[in-house]
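Enquirer: The structure is given below, and queries will be raised subsequently.
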Amino acid sequence: MSINRHSFLLQCLHDLDQSLRGLGSRLFVARGQPEIVLPELTKKWDVSLLTYEGDTGPYSQVRDEKVMKTLQTLGCKTSAHYTHTLFPMDQLHTKWNKSEPPKSYQSFMNLFKSMGAPRKPVASPSIGDMPRESVEINMSGFSIPTLSDLGFAENEQPSATDVFPGGESEGLKRLQQTICARPQWVSTFAKPQTAPNAISPSTTVLGPYLTMGCISVSTFFYEVVKLRPKTDPPESLIGQLLWREYFYYSSFTTPNFDKMLGNAAHCKQIPWRRDADLIAAWKEARTGFPFIDAIMTQLRVQGWIHHLARHAVACFLTRGDLWQHWEEGAKHFEFTLLDGDYALNNANWQWLSCSRFFYQYGRCYSPISFGKKTDKNGDYIRKWLPQLANMPAKYIYEPWLAPIEVQKSAGCIIGENYPQPLVDHSVVSKENMGKMQAAYELQKKGGDVVMPDPTPLGFCRTAKDSAVIPSEENKDSSPSSSSRKMKLGPETFFAKKKAKT
DNA sequence: TATTGGTTGCGGAA
DNA sequence: TTCCGCAACCAATA
């Protein structure tokens with residue numbers, strides 16, 4: 001995880017600790033391998049019952065299985081509670097009673113409706129509910145770790161938690177401000193009509209708080225229901241929670257949900273490339289498309305971007321422009337996003353790359369036009385890419401078209417202060433549609449996909465991934481930065497357009 | 001087998 | 001602002 005995600009998690013733990021102290025207890029953080037540390041503590045403290053929040057991700061399932069087996073041999077009872085989704089996944093599975101998960105949102109919604117009402121949120125505990133034993137254990141060494149304990153250097157600082165601080169208190173505050181205090185906004189909410197490039201978020205940003213368990217999905221659900229929304233799923237706020245539930249259920253019933261190979265029954269097999277330079281340029285906001293680079297900068301700094309902004313950059317990396325593997329994009333999002341989530345992240349990357357759930361590859365986001373619909377002046381770009389702050393609105397989405405005099409007076413020479421575009425979108429997007437069609441046809445005929453690069457890249461935590469790059473570095477990004485030396489691919493890449501005079 | 005619908009496309013014509 | 005062509009996807013239904 002990025003330093004931002006770590007920081008968010010640590011703030012969550014501090015907030016939880018504060019709440020527990022208010023109830024006469026405290027939080028104890030045990031460190032180490034769960035399958036080693038938890039049995040040790042169980043013996044040491046003579047624990048008779050361990051309860052935990054169940055998680056349906058494959059990593060957690062394997063881990064929990066190991067821990068629970070060991071604990072049971074020690075005579076410790078265990079009890080899992082699956083409350084991260086509106087319904088426990090095995091309940092949905094029993095009701096659905098088919099081996100293949102629903103292939104459409106409509107089908108899932110029918111299943112959901114047949115389940116009855118989701119469980120109600122549980123009331124907050126009071127002092128009398130807390131086990132007395134926990135305060136009697138005299139312990140040191142169970143404090144909440146610091147960022148430096150976790151291996152981050154002194155000069156590495158989180159930036160996302162300045163804007164979105166972690167913790168239940170902050171989550172409830174945000175729920176109050178964005179949902180409870182805005183009945184009108186909630187009741188007319190339609191997701192596709194919210195702007196991806198609003199300076200101040202056009203959606204709730206409750207995702208990080210749901211992901212980290214600061215507020216429960218049932219609390220969210222019933223606060224919205226209370227306001228009697230007039231809009232319906234899939235676009236309404238309840239509809240958003242149903243998407244979440246649908247993707248959780250899809251991931252629950254699909255082995256290798258985070259991979260293309262080994263997942264051919266559900267995931268389209270497409271010969272994506274893995275070009276380290278192109279992937280790095282995308283991650284580091286050096287694509288030369290201001291809309292894309294602004295989004296990627298907000299992602300790095302704030303650990304959150306609007307859902308449609310995720311669409312734009314995911315389409316750009318995969319089927320739209322760069323033709324890079326969606327798994328690489330998913331890994332970067334999971335590393336960076338405060339609301340990085342196995343089920344939702346991998347589902348959406350498959351959606352955007354037309355690998356599963358959505359297949360209309362003819363519909364392609366333009367890195368130039370899409371943002372203009374909601375931000376004609378490019379204020380969002382100016383905020384995140386200050387080197388373009390003085391570019392006239394006419395050229396802000398395609399600064400390489402600005403005449404050189406305009407570039408000079410804006411103080412931003414394309415190719416020096418800001419990169420040339422990596423590709424010609426109108427050319428590559430059409431070519432990629434042809435590749436999509438060919439891949440679909442091959443799979444239909446039963447042929448095997450041939451990956452251009454059989455050796456997947458490892459996911460390295462590079463300095464640039466984790467460091468918060470000061471804005472000066474962006475400003476100084478000179479022609480000698482690696483984007484200039486990038487070897488441009490064969491037929492697809494950009495022959496520099498001449499500036500219009 | 002044909003038809004309809006699908007959370008969130010684009011670009012141009014009317 | 002609304003509609004259509006683009007080129008033709010998949011899932012569900014009749």
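Ordering of the structure tokens sets the chain letters (A, B, ...); residue numbers start at 1 within each chain; ligands are numbered from 1 in the order shown.
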Could you make a table, as CSV, of the residues of chain C that have an atom within 12 Å of an atom of chain A, each with its nearest atom pair and distance in Å to one decimal, counting only C-alpha atoms (C1' of nucleotides), in chain and number order?

Expert:
residue,atom,partner,partner_atom,distance
C:DC6,C1',A:Gly362,CA,8.0
C:DA7,C1',A:Gly362,CA,7.4
C:DA8,C1',A:Gly362,CA,8.5
C:DC9,C1',A:Gln360,CA,4.7
C:DC10,C1',A:Tyr359,CA,6.5
C:DA11,C1',A:Ser104,CA,6.9
C:DA12,C1',A:Ser104,CA,9.0

Enquirer: Please, could you write that set of residues out with N, CA and C atoms (P, O5', C5', C4', C3', O3' and C1' of nucleotides) as a PDB file, in the first residue's frame?

Expert:
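File produced: result04.pdb:
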ATOM      1  P    DC C   6     -23.353   4.414 -40.503  1.00  0.00           P
ATOM      2  O5'  DC C   6     -22.221   4.210 -39.412  1.00  0.00           O
ATOM      3  C5'  DC C   6     -21.182   5.184 -39.265  1.00  0.00           C
ATOM      4  C4'  DC C   6     -20.428   4.926 -38.002  1.00  0.00           C
ATOM      5  C3'  DC C   6     -20.056   3.464 -37.765  1.00  0.00           C
ATOM      6  O3'  DC C   6     -18.709   3.247 -38.152  1.00  0.00           O
ATOM      7  C1'  DC C   6     -20.643   4.628 -35.757  1.00  0.00           C
ATOM      8  P    DA C   7     -18.408   2.235 -39.349  1.00  0.00           P
ATOM      9  O5'  DA C   7     -18.325   0.826 -38.622  1.00  0.00           O
ATOM     10  C5'  DA C   7     -17.526   0.645 -37.476  1.00  0.00           C
ATOM     11  C4'  DA C   7     -18.212  -0.359 -36.603  1.00  0.00           C
ATOM     12  C3'  DA C   7     -18.604  -1.627 -37.369  1.00  0.00           C
ATOM     13  O3'  DA C   7     -17.902  -2.713 -36.801  1.00  0.00           O
ATOM     14  C1'  DA C   7     -20.388  -0.815 -36.020  1.00  0.00           C
ATOM     15  P    DA C   8     -18.126  -4.190 -37.372  1.00  0.00           P
ATOM     16  O5'  DA C   8     -18.871  -4.958 -36.206  1.00  0.00           O
ATOM     17  C5'  DA C   8     -18.680  -4.569 -34.861  1.00  0.00           C
ATOM     18  C4'  DA C   8     -19.968  -4.743 -34.120  1.00  0.00           C
ATOM     19  C3'  DA C   8     -20.636  -6.090 -34.362  1.00  0.00           C
ATOM     20  O3'  DA C   8     -20.189  -6.947 -33.320  1.00  0.00           O
ATOM     21  C1'  DA C   8     -22.182  -4.273 -34.051  1.00  0.00           C
ATOM     22  P    DC C   9     -20.832  -8.275 -32.957  1.00  0.00           P
ATOM     23  O5'  DC C   9     -20.587  -8.167 -31.379  1.00  0.00           O
ATOM     24  C5'  DC C   9     -19.263  -7.905 -30.910  1.00  0.00           C
ATOM     25  C4'  DC C   9     -19.369  -7.488 -29.472  1.00  0.00           C
ATOM     26  C3'  DC C   9     -20.287  -8.383 -28.660  1.00  0.00           C
ATOM     27  O3'  DC C   9     -19.539  -9.456 -28.170  1.00  0.00           O
ATOM     28  C1'  DC C   9     -20.738  -6.088 -28.194  1.00  0.00           C
ATOM     29  P    DC C  10     -20.211 -10.895 -28.025  1.00  0.00           P
ATOM     30  O5'  DC C  10     -20.949 -10.744 -26.618  1.00  0.00           O
ATOM     31  C5'  DC C  10     -20.234 -10.289 -25.475  1.00  0.00           C
ATOM     32  C4'  DC C  10     -21.256  -9.978 -24.404  1.00  0.00           C
ATOM     33  C3'  DC C  10     -22.119 -11.182 -24.037  1.00  0.00           C
ATOM     34  O3'  DC C  10     -22.162 -11.288 -22.636  1.00  0.00           O
ATOM     35  C1'  DC C  10     -23.488  -9.337 -24.654  1.00  0.00           C
ATOM     36  P    DA C  11     -22.803 -12.561 -22.004  1.00  0.00           P
ATOM     37  O5'  DA C  11     -24.258 -12.026 -21.654  1.00  0.00           O
ATOM     38  C5'  DA C  11     -24.369 -10.973 -20.718  1.00  0.00           C
ATOM     39  C4'  DA C  11     -25.823 -10.788 -20.368  1.00  0.00           C
ATOM     40  C3'  DA C  11     -26.573 -12.067 -20.036  1.00  0.00           C
ATOM     41  O3'  DA C  11     -27.343 -11.787 -18.888  1.00  0.00           O
ATOM     42  C1'  DA C  11     -27.634 -10.939 -21.844  1.00  0.00           C
ATOM     43  P    DA C  12     -28.313 -12.901 -18.293  1.00  0.00           P
ATOM     44  O5'  DA C  12     -29.723 -12.463 -18.898  1.00  0.00           O
ATOM     45  C5'  DA C  12     -30.218 -11.169 -18.592  1.00  0.00           C
ATOM     46  C4'  DA C  12     -31.516 -10.962 -19.337  1.00  0.00           C
ATOM     47  C3'  DA C  12     -32.532 -12.091 -19.161  1.00  0.00           C
ATOM     48  O3'  DA C  12     -33.751 -11.497 -18.740  1.00  0.00           O
ATOM     49  C1'  DA C  12     -32.235 -11.575 -21.454  1.00  0.00           C
TER      50       DA C  12
END

Enquirer: Please report as a PyMOL selection string which residues of chain B come no farther than 12 Å from chain A, using only C-alpha atoms (C1' of nucleotides).

Expert: chain B and resi 5-11

Enquirer: For Pro101 in chain A, please output as a list in words all residues within 10 Å (counting only C-alpha atoms (C1' of nucleotides); exclusion window: fewer than 3 positions along the same chain).

Expert: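 Within the cut-off, the hits are His93, Trp96, Asn97, Lys98, Ser104, Ser107, Phe108, Tyr246, Tyr249, Ser250, Ser251, Phe252, Thr253, Thr254 and His266 of chain A.
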
Enquirer: I need the chosen residues saved as an mmCIF file, in the first residue's frame, with N, CA and C atoms.

Expert:
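Ended up saving to selection_22.cif:
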data_model
loop_
_atom_site.group_PDB
_atom_site.id
_atom_site.type_symbol
_atom_site.label_atom_id
_atom_site.label_comp_id
_atom_site.auth_asym_id
_atom_site.auth_seq_id
_atom_site.Cartn_x
_atom_site.Cartn_y
_atom_site.Cartn_z
ATOM 1 N N HIS A 93 -25.423 -16.774 -2.110
ATOM 2 C CA HIS A 93 -25.084 -17.947 -2.901
ATOM 3 C C HIS A 93 -26.139 -19.041 -2.730
ATOM 4 N N TRP A 96 -29.258 -17.896 -4.659
ATOM 5 C CA TRP A 96 -29.051 -17.922 -6.114
ATOM 6 C C TRP A 96 -29.061 -19.357 -6.623
ATOM 7 N N ASN A 97 -28.376 -20.235 -5.884
ATOM 8 C CA ASN A 97 -28.462 -21.667 -6.155
ATOM 9 C C ASN A 97 -28.046 -22.065 -7.571
ATOM 10 N N LYS A 98 -27.084 -21.357 -8.114
ATOM 11 C CA LYS A 98 -26.515 -21.732 -9.414
ATOM 12 C C LYS A 98 -25.002 -21.620 -9.294
ATOM 13 N N SER A 104 -25.688 -10.162 -15.310
ATOM 14 C CA SER A 104 -26.104 -8.771 -15.505
ATOM 15 C C SER A 104 -26.589 -8.184 -14.176
ATOM 16 N N SER A 107 -30.161 -9.141 -13.352
ATOM 17 C CA SER A 107 -30.305 -10.452 -12.714
ATOM 18 C C SER A 107 -29.915 -10.379 -11.253
ATOM 19 N N PHE A 108 -28.813 -9.663 -10.996
ATOM 20 C CA PHE A 108 -28.394 -9.553 -9.610
ATOM 21 C C PHE A 108 -29.451 -8.833 -8.787
ATOM 22 N N TYR A 246 -23.072 -6.549 -5.981
ATOM 23 C CA TYR A 246 -22.964 -7.382 -7.191
ATOM 24 C C TYR A 246 -21.508 -7.761 -7.457
ATOM 25 N N TYR A 249 -20.233 -10.200 -4.922
ATOM 26 C CA TYR A 249 -20.711 -11.548 -5.184
ATOM 27 C C TYR A 249 -19.987 -12.162 -6.382
ATOM 28 N N SER A 250 -19.738 -11.350 -7.415
ATOM 29 C CA SER A 250 -19.002 -11.855 -8.580
ATOM 30 C C SER A 250 -17.606 -12.301 -8.192
ATOM 31 N N SER A 251 -16.938 -11.512 -7.350
ATOM 32 C CA SER A 251 -15.576 -11.886 -6.955
ATOM 33 C C SER A 251 -15.599 -13.126 -6.064
ATOM 34 N N PHE A 252 -16.640 -13.222 -5.261
ATOM 35 C CA PHE A 252 -16.773 -14.364 -4.347
ATOM 36 C C PHE A 252 -16.909 -15.682 -5.100
ATOM 37 N N THR A 253 -17.557 -15.635 -6.261
ATOM 38 C CA THR A 253 -17.826 -16.863 -7.011
ATOM 39 C C THR A 253 -16.863 -17.072 -8.177
ATOM 40 N N THR A 254 -15.840 -16.222 -8.304
ATOM 41 C CA THR A 254 -14.915 -16.339 -9.424
ATOM 42 C C THR A 254 -13.479 -16.525 -8.945
ATOM 43 N N HIS A 266 -14.987 -16.245 -17.553
ATOM 44 C CA HIS A 266 -15.695 -14.984 -17.310
ATOM 45 C C HIS A 266 -15.011 -13.772 -17.927
#

Enquirer: Can you tell me which residues surround range 25-39 of chain A at a distance of at most 10 Å, considering only C-alpha atoms (C1' of nucleotides), apart from same-chain residues fewer than 3 positions away, and format the answer as a PDB file with N, CA and C atoms, in the first residue's frame?

Expert:
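Below is the file selection-v7.pdb, written as the result:
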ATOM      1  N   LEU A  13      -7.089   3.448  13.206  1.00  0.00           N
ATOM      2  CA  LEU A  13      -6.771   2.732  14.444  1.00  0.00           C
ATOM      3  C   LEU A  13      -6.744   3.697  15.630  1.00  0.00           C
ATOM      4  N   HIS A  14      -6.186   4.876  15.424  1.00  0.00           N
ATOM      5  CA  HIS A  14      -6.137   5.866  16.507  1.00  0.00           C
ATOM      6  C   HIS A  14      -7.550   6.289  16.920  1.00  0.00           C
ATOM      7  N   ASP A  15      -8.417   6.460  15.928  1.00  0.00           N
ATOM      8  CA  ASP A  15      -9.787   6.860  16.236  1.00  0.00           C
ATOM      9  C   ASP A  15     -10.518   5.759  17.003  1.00  0.00           C
ATOM     10  N   LEU A  16     -10.293   4.509  16.573  1.00  0.00           N
ATOM     11  CA  LEU A  16     -10.896   3.374  17.267  1.00  0.00           C
ATOM     12  C   LEU A  16     -10.386   3.303  18.711  1.00  0.00           C
ATOM     13  N   ASP A  17      -9.091   3.513  18.861  1.00  0.00           N
ATOM     14  CA  ASP A  17      -8.489   3.494  20.198  1.00  0.00           C
ATOM     15  C   ASP A  17      -9.132   4.564  21.084  1.00  0.00           C
ATOM     16  N   GLN A  18      -9.299   5.752  20.531  1.00  0.00           N
ATOM     17  CA  GLN A  18      -9.931   6.841  21.290  1.00  0.00           C
ATOM     18  C   GLN A  18     -11.335   6.443  21.753  1.00  0.00           C
ATOM     19  N   SER A  19     -12.106   5.855  20.827  1.00  0.00           N
ATOM     20  CA  SER A  19     -13.473   5.445  21.169  1.00  0.00           C
ATOM     21  C   SER A  19     -13.472   4.393  22.270  1.00  0.00           C
ATOM     22  N   LEU A  20     -12.544   3.446  22.160  1.00  0.00           N
ATOM     23  CA  LEU A  20     -12.479   2.385  23.172  1.00  0.00           C
ATOM     24  C   LEU A  20     -12.057   2.949  24.527  1.00  0.00           C
ATOM     25  N   ARG A  21     -11.149   3.922  24.501  1.00  0.00           N
ATOM     26  CA  ARG A  21     -10.720   4.538  25.756  1.00  0.00           C
ATOM     27  C   ARG A  21     -11.876   5.277  26.413  1.00  0.00           C
ATOM     28  N   GLY A  22     -12.738   5.848  25.580  1.00  0.00           N
ATOM     29  CA  GLY A  22     -13.938   6.497  26.108  1.00  0.00           C
ATOM     30  C   GLY A  22     -14.854   5.510  26.817  1.00  0.00           C
ATOM     31  N   THR A  42      -3.237 -16.351  22.081  1.00  0.00           N
ATOM     32  CA  THR A  42      -4.349 -17.151  22.590  1.00  0.00           C
ATOM     33  C   THR A  42      -3.897 -18.006  23.780  1.00  0.00           C
ATOM     34  N   LYS A  43      -2.710 -18.606  23.609  1.00  0.00           N
ATOM     35  CA  LYS A  43      -2.165 -19.418  24.705  1.00  0.00           C
ATOM     36  C   LYS A  43      -1.813 -18.543  25.892  1.00  0.00           C
ATOM     37  N   LYS A  44      -1.096 -17.461  25.598  1.00  0.00           N
ATOM     38  CA  LYS A  44      -0.572 -16.593  26.658  1.00  0.00           C
ATOM     39  C   LYS A  44      -1.704 -15.996  27.496  1.00  0.00           C
ATOM     40  N   TRP A  45      -2.764 -15.598  26.846  1.00  0.00           N
ATOM     41  CA  TRP A  45      -3.855 -14.913  27.553  1.00  0.00           C
ATOM     42  C   TRP A  45      -5.004 -15.862  27.902  1.00  0.00           C
ATOM     43  N   VAL A  47      -7.201 -17.366  25.937  1.00  0.00           N
ATOM     44  CA  VAL A  47      -8.395 -16.853  25.248  1.00  0.00           C
ATOM     45  C   VAL A  47      -9.357 -18.007  24.958  1.00  0.00           C
ATOM     46  N   LEU A  50     -12.587 -16.170  20.098  1.00  0.00           N
ATOM     47  CA  LEU A  50     -12.090 -15.113  19.225  1.00  0.00           C
ATOM     48  C   LEU A  50     -13.146 -14.815  18.169  1.00  0.00           C
ATOM     49  N   ARG A  63      -5.679 -16.838   4.898  1.00  0.00           N
ATOM     50  CA  ARG A  63      -5.108 -16.456   6.186  1.00  0.00           C
ATOM     51  C   ARG A  63      -6.016 -16.905   7.329  1.00  0.00           C
ATOM     52  N   ASP A  64      -7.307 -16.571   7.226  1.00  0.00           N
ATOM     53  CA  ASP A  64      -8.226 -16.853   8.327  1.00  0.00           C
ATOM     54  C   ASP A  64      -8.380 -18.350   8.561  1.00  0.00           C
ATOM     55  N   GLU A  65      -8.409 -19.095   7.458  1.00  0.00           N
ATOM     56  CA  GLU A  65      -8.504 -20.551   7.563  1.00  0.00           C
ATOM     57  C   GLU A  65      -7.358 -21.111   8.403  1.00  0.00           C
ATOM     58  N   LYS A  66      -6.150 -20.651   8.071  1.00  0.00           N
ATOM     59  CA  LYS A  66      -4.964 -21.111   8.794  1.00  0.00           C
ATOM     60  C   LYS A  66      -5.076 -20.791  10.283  1.00  0.00           C
ATOM     61  N   VAL A  67      -5.416 -19.525  10.565  1.00  0.00           N
ATOM     62  CA  VAL A  67      -5.470 -19.084  11.960  1.00  0.00           C
ATOM     63  C   VAL A  67      -6.551 -19.855  12.719  1.00  0.00           C
ATOM     64  N   MET A  68      -7.718 -19.995  12.114  1.00  0.00           N
ATOM     65  CA  MET A  68      -8.830 -20.626  12.824  1.00  0.00           C
ATOM     66  C   MET A  68      -8.548 -22.095  13.133  1.00  0.00           C
ATOM     67  N   LYS A  69      -7.923 -22.783  12.176  1.00  0.00           N
ATOM     68  CA  LYS A  69      -7.583 -24.191  12.403  1.00  0.00           C
ATOM     69  C   LYS A  69      -6.687 -24.340  13.620  1.00  0.00           C
ATOM     70  N   THR A  70      -5.657 -23.492  13.651  1.00  0.00           N
ATOM     71  CA  THR A  70      -4.719 -23.564  14.766  1.00  0.00           C
ATOM     72  C   THR A  70      -5.406 -23.240  16.086  1.00  0.00           C
ATOM     73  N   LEU A  71      -6.231 -22.204  16.084  1.00  0.00           N
ATOM     74  CA  LEU A  71      -6.894 -21.805  17.328  1.00  0.00           C
ATOM     75  C   LEU A  71      -7.801 -22.915  17.842  1.00  0.00           C
ATOM     76  N   GLN A  72      -8.467 -23.581  16.906  1.00  0.00           N
ATOM     77  CA  GLN A  72      -9.386 -24.639  17.340  1.00  0.00           C
ATOM     78  C   GLN A  72      -8.645 -25.801  18.007  1.00  0.00           C
ATOM     79  N   THR A  73      -7.431 -26.093  17.511  1.00  0.00           N
ATOM     80  CA  THR A  73      -6.649 -27.151  18.171  1.00  0.00           C
ATOM     81  C   THR A  73      -6.219 -26.730  19.568  1.00  0.00           C
ATOM     82  N   LEU A  74      -6.227 -25.418  19.830  1.00  0.00           N
ATOM     83  CA  LEU A  74      -5.883 -24.920  21.163  1.00  0.00           C
ATOM     84  C   LEU A  74      -7.108 -24.819  22.066  1.00  0.00           C
ATOM     85  N   CYS A  76      -9.719 -22.934  21.498  1.00  0.00           N
ATOM     86  CA  CYS A  76     -10.318 -21.590  21.444  1.00  0.00           C
ATOM     87  C   CYS A  76     -11.434 -21.587  20.401  1.00  0.00           C
ATOM     88  N   ILE A 127     -20.491   1.588  28.016  1.00  0.00           N
ATOM     89  CA  ILE A 127     -19.425   1.150  28.920  1.00  0.00           C
ATOM     90  C   ILE A 127     -19.679  -0.257  29.466  1.00  0.00           C
ATOM     91  N   MET A 130     -18.424  -3.471  27.577  1.00  0.00           N
ATOM     92  CA  MET A 130     -17.023  -3.803  27.343  1.00  0.00           C
ATOM     93  C   MET A 130     -16.557  -4.883  28.317  1.00  0.00           C
ATOM     94  N   PRO A 131     -15.805  -5.860  27.814  1.00  0.00           N
ATOM     95  CA  PRO A 131     -15.286  -6.902  28.701  1.00  0.00           C
ATOM     96  C   PRO A 131     -14.280  -6.303  29.679  1.00  0.00           C
ATOM     97  N   ARG A 132     -14.460  -6.606  30.977  1.00  0.00           N
ATOM     98  CA  ARG A 132     -13.573  -6.051  32.002  1.00  0.00           C
ATOM     99  C   ARG A 132     -12.143  -6.564  31.852  1.00  0.00           C
ATOM    100  N   GLU A 133     -12.020  -7.800  31.385  1.00  0.00           N
ATOM    101  CA  GLU A 133     -10.696  -8.420  31.317  1.00  0.00           C
ATOM    102  C   GLU A 133      -9.711  -7.580  30.521  1.00  0.00           C
ATOM    103  N   SER A 134     -10.205  -6.990  29.442  1.00  0.00           N
ATOM    104  CA  SER A 134      -9.276  -6.334  28.535  1.00  0.00           C
ATOM    105  C   SER A 134      -8.491  -5.218  29.224  1.00  0.00           C
ATOM    106  N   VAL A 135      -9.103  -4.551  30.185  1.00  0.00           N
ATOM    107  CA  VAL A 135      -8.373  -3.459  30.841  1.00  0.00           C
ATOM    108  C   VAL A 135      -7.460  -3.975  31.940  1.00  0.00           C
ATOM    109  N   GLU A 136      -7.694  -5.229  32.341  1.00  0.00           N
ATOM    110  CA  GLU A 136      -6.867  -5.743  33.428  1.00  0.00           C
ATOM    111  C   GLU A 136      -5.563  -6.350  32.931  1.00  0.00           C
ATOM    112  N   MET A 139      -0.127  -4.573  29.763  1.00  0.00           N
ATOM    113  CA  MET A 139       0.717  -4.865  28.616  1.00  0.00           C
ATOM    114  C   MET A 139       1.409  -3.629  28.091  1.00  0.00           C
ATOM    115  N   SER A 140       2.580  -3.852  27.614  1.00  0.00           N
ATOM    116  CA  SER A 140       3.211  -2.821  26.806  1.00  0.00           C
ATOM    117  C   SER A 140       3.528  -3.477  25.469  1.00  0.00           C
ATOM    118  N   GLY A 141       3.878  -2.686  24.494  1.00  0.00           N
ATOM    119  CA  GLY A 141       4.259  -3.255  23.206  1.00  0.00           C
ATOM    120  C   GLY A 141       3.088  -3.539  22.294  1.00  0.00           C
ATOM    121  N   PHE A 142       1.910  -3.042  22.633  1.00  0.00           N
ATOM    122  CA  PHE A 142       0.757  -3.238  21.750  1.00  0.00           C
ATOM    123  C   PHE A 142       0.200  -1.899  21.265  1.00  0.00           C
ATOM    124  N   SER A 143       1.109  -0.967  21.081  1.00  0.00           N
ATOM    125  CA  SER A 143       0.698   0.352  20.622  1.00  0.00           C
ATOM    126  C   SER A 143       0.463   0.340  19.112  1.00  0.00           C
ATOM    127  N   ILE A 144      -0.153   1.402  18.633  1.00  0.00           N
ATOM    128  CA  ILE A 144      -0.381   1.539  17.199  1.00  0.00           C
ATOM    129  C   ILE A 144       0.936   1.920  16.534  1.00  0.00           C
ATOM    130  N   PRO A 145       1.312   1.225  15.464  1.00  0.00           N
ATOM    131  CA  PRO A 145       2.588   1.551  14.819  1.00  0.00           C
ATOM    132  C   PRO A 145       2.585   2.964  14.221  1.00  0.00           C
TER     133      PRO A 145
END

Enquirer: Report the residues of range 34-261 of chain A whose backbone DSSP state falls under strand (DSSP E), written as JSON, numbers by chain.

Expert: {"A": [49, 50, 51, 52, 53, 77, 78, 79, 80, 81]}

Enquirer: Take CA of Met436 in chain A and CA of Asp277 in chain A and report the distance between them in Å, one decimal.

Expert: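 Rounded to one decimal, the two atoms are 22.6 Å apart.
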
Enquirer: Would you mind writing down, as a short mmCIF file (atom, residue, chain, number, x, y, z; two decimals) with C-alpha atoms, in the first residue's frame, each residue of range 189-327 of chain A that DSSP on the backbone assigns to helix (DSSP H, G or I)?

Expert:
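File produced: out_0.cif:
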data_model
loop_
_atom_site.label_atom_id
_atom_site.label_comp_id
_atom_site.auth_asym_id
_atom_site.auth_seq_id
_atom_site.Cartn_x
_atom_site.Cartn_y
_atom_site.Cartn_z
CA LYS A 191 -24.32 8.85 -10.72
CA PRO A 192 -23.65 9.47 -14.43
CA GLN A 193 -24.63 13.10 -13.93
CA GLY A 207 -15.74 4.81 -0.26
CA PRO A 208 -12.58 4.94 1.87
CA TYR A 209 -14.65 4.83 5.06
CA LEU A 210 -16.67 1.84 3.83
CA THR A 211 -13.53 0.05 2.67
CA VAL A 217 -22.66 -0.45 4.58
CA SER A 218 -25.94 -1.06 6.43
CA THR A 219 -25.65 2.31 8.18
CA PHE A 220 -25.09 3.95 4.80
CA PHE A 221 -27.98 1.98 3.26
CA TYR A 222 -30.54 2.86 5.91
CA GLU A 223 -29.52 6.53 6.13
CA VAL A 224 -30.23 6.78 2.40
CA VAL A 225 -33.47 4.77 2.59
CA LYS A 226 -34.69 7.10 5.33
CA LEU A 237 -27.20 5.94 -4.33
CA ILE A 238 -28.87 2.66 -3.35
CA GLY A 239 -28.00 1.54 -6.86
CA GLN A 240 -24.34 2.24 -6.10
CA LEU A 241 -24.48 -0.02 -3.05
CA LEU A 242 -26.07 -2.70 -5.22
CA TRP A 243 -23.19 -2.44 -7.68
CA ARG A 244 -20.89 -2.96 -4.73
CA GLU A 245 -22.86 -6.00 -3.63
CA TYR A 246 -22.96 -7.38 -7.19
CA PHE A 247 -19.21 -7.05 -7.63
CA TYR A 248 -18.55 -8.61 -4.24
CA TYR A 249 -20.71 -11.55 -5.18
CA SER A 250 -19.00 -11.85 -8.58
CA SER A 251 -15.58 -11.89 -6.95
CA PHE A 252 -16.77 -14.36 -4.35
CA ALA A 276 7.10 -0.71 -18.49
CA ASP A 277 7.71 2.76 -19.95
CA LEU A 278 4.11 3.34 -20.97
CA ILE A 279 2.79 2.05 -17.66
CA ALA A 280 5.22 4.31 -15.80
CA ALA A 281 4.21 7.34 -17.88
CA TRP A 282 0.56 6.67 -17.02
CA LYS A 283 1.26 6.22 -13.29
CA PRO A 290 -3.74 17.05 -19.45
CA PHE A 291 -7.09 15.52 -18.47
CA ILE A 292 -5.46 12.13 -17.87
CA ASP A 293 -2.39 13.54 -16.14
CA ALA A 294 -4.47 15.79 -13.88
CA ILE A 295 -6.50 12.78 -12.74
CA MET A 296 -3.39 10.70 -12.15
CA THR A 297 -1.92 13.55 -10.11
CA GLN A 298 -5.02 13.85 -7.95
CA LEU A 299 -4.87 10.09 -7.44
CA ARG A 300 -1.29 10.28 -6.22
CA VAL A 301 -1.85 13.27 -3.97
CA GLN A 302 -5.32 12.64 -2.57
CA HIS A 307 -15.60 7.16 -10.42
CA LEU A 308 -15.84 8.57 -13.94
CA ALA A 309 -12.27 9.85 -13.69
CA ARG A 310 -11.31 6.24 -12.95
CA HIS A 311 -13.18 5.28 -16.12
CA ALA A 312 -11.30 7.82 -18.19
CA VAL A 313 -7.81 6.80 -17.07
CA ALA A 314 -8.61 3.06 -17.09
CA CYS A 315 -9.98 3.23 -20.62
CA PHE A 316 -6.93 5.24 -21.64
CA LEU A 317 -4.46 2.69 -20.22
CA THR A 318 -6.24 -0.33 -21.75
CA ARG A 319 -8.56 -0.51 -24.76
CA GLY A 320 -8.71 3.20 -25.46
CA TRP A 326 -5.75 -4.01 -17.02
CA GLU A 327 -4.04 -6.02 -14.26
#

Enquirer: Residues near Glu154 in chain A, anyone? I mean within 12 Å using only C-alpha atoms (C1' of nucleotides), not counting same-chain ones fewer than 6 positions away, as a PyMOL selection string.

Expert: chain A and resi 3+146-148+467

Enquirer: Any idea what the distance is between CA of Lys77 in chain A and CA of Cys214 in chain A?

Expert: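 Between CA of Lys77 in chain A and CA of Cys214 in chain A the gap is 26.3 Å.
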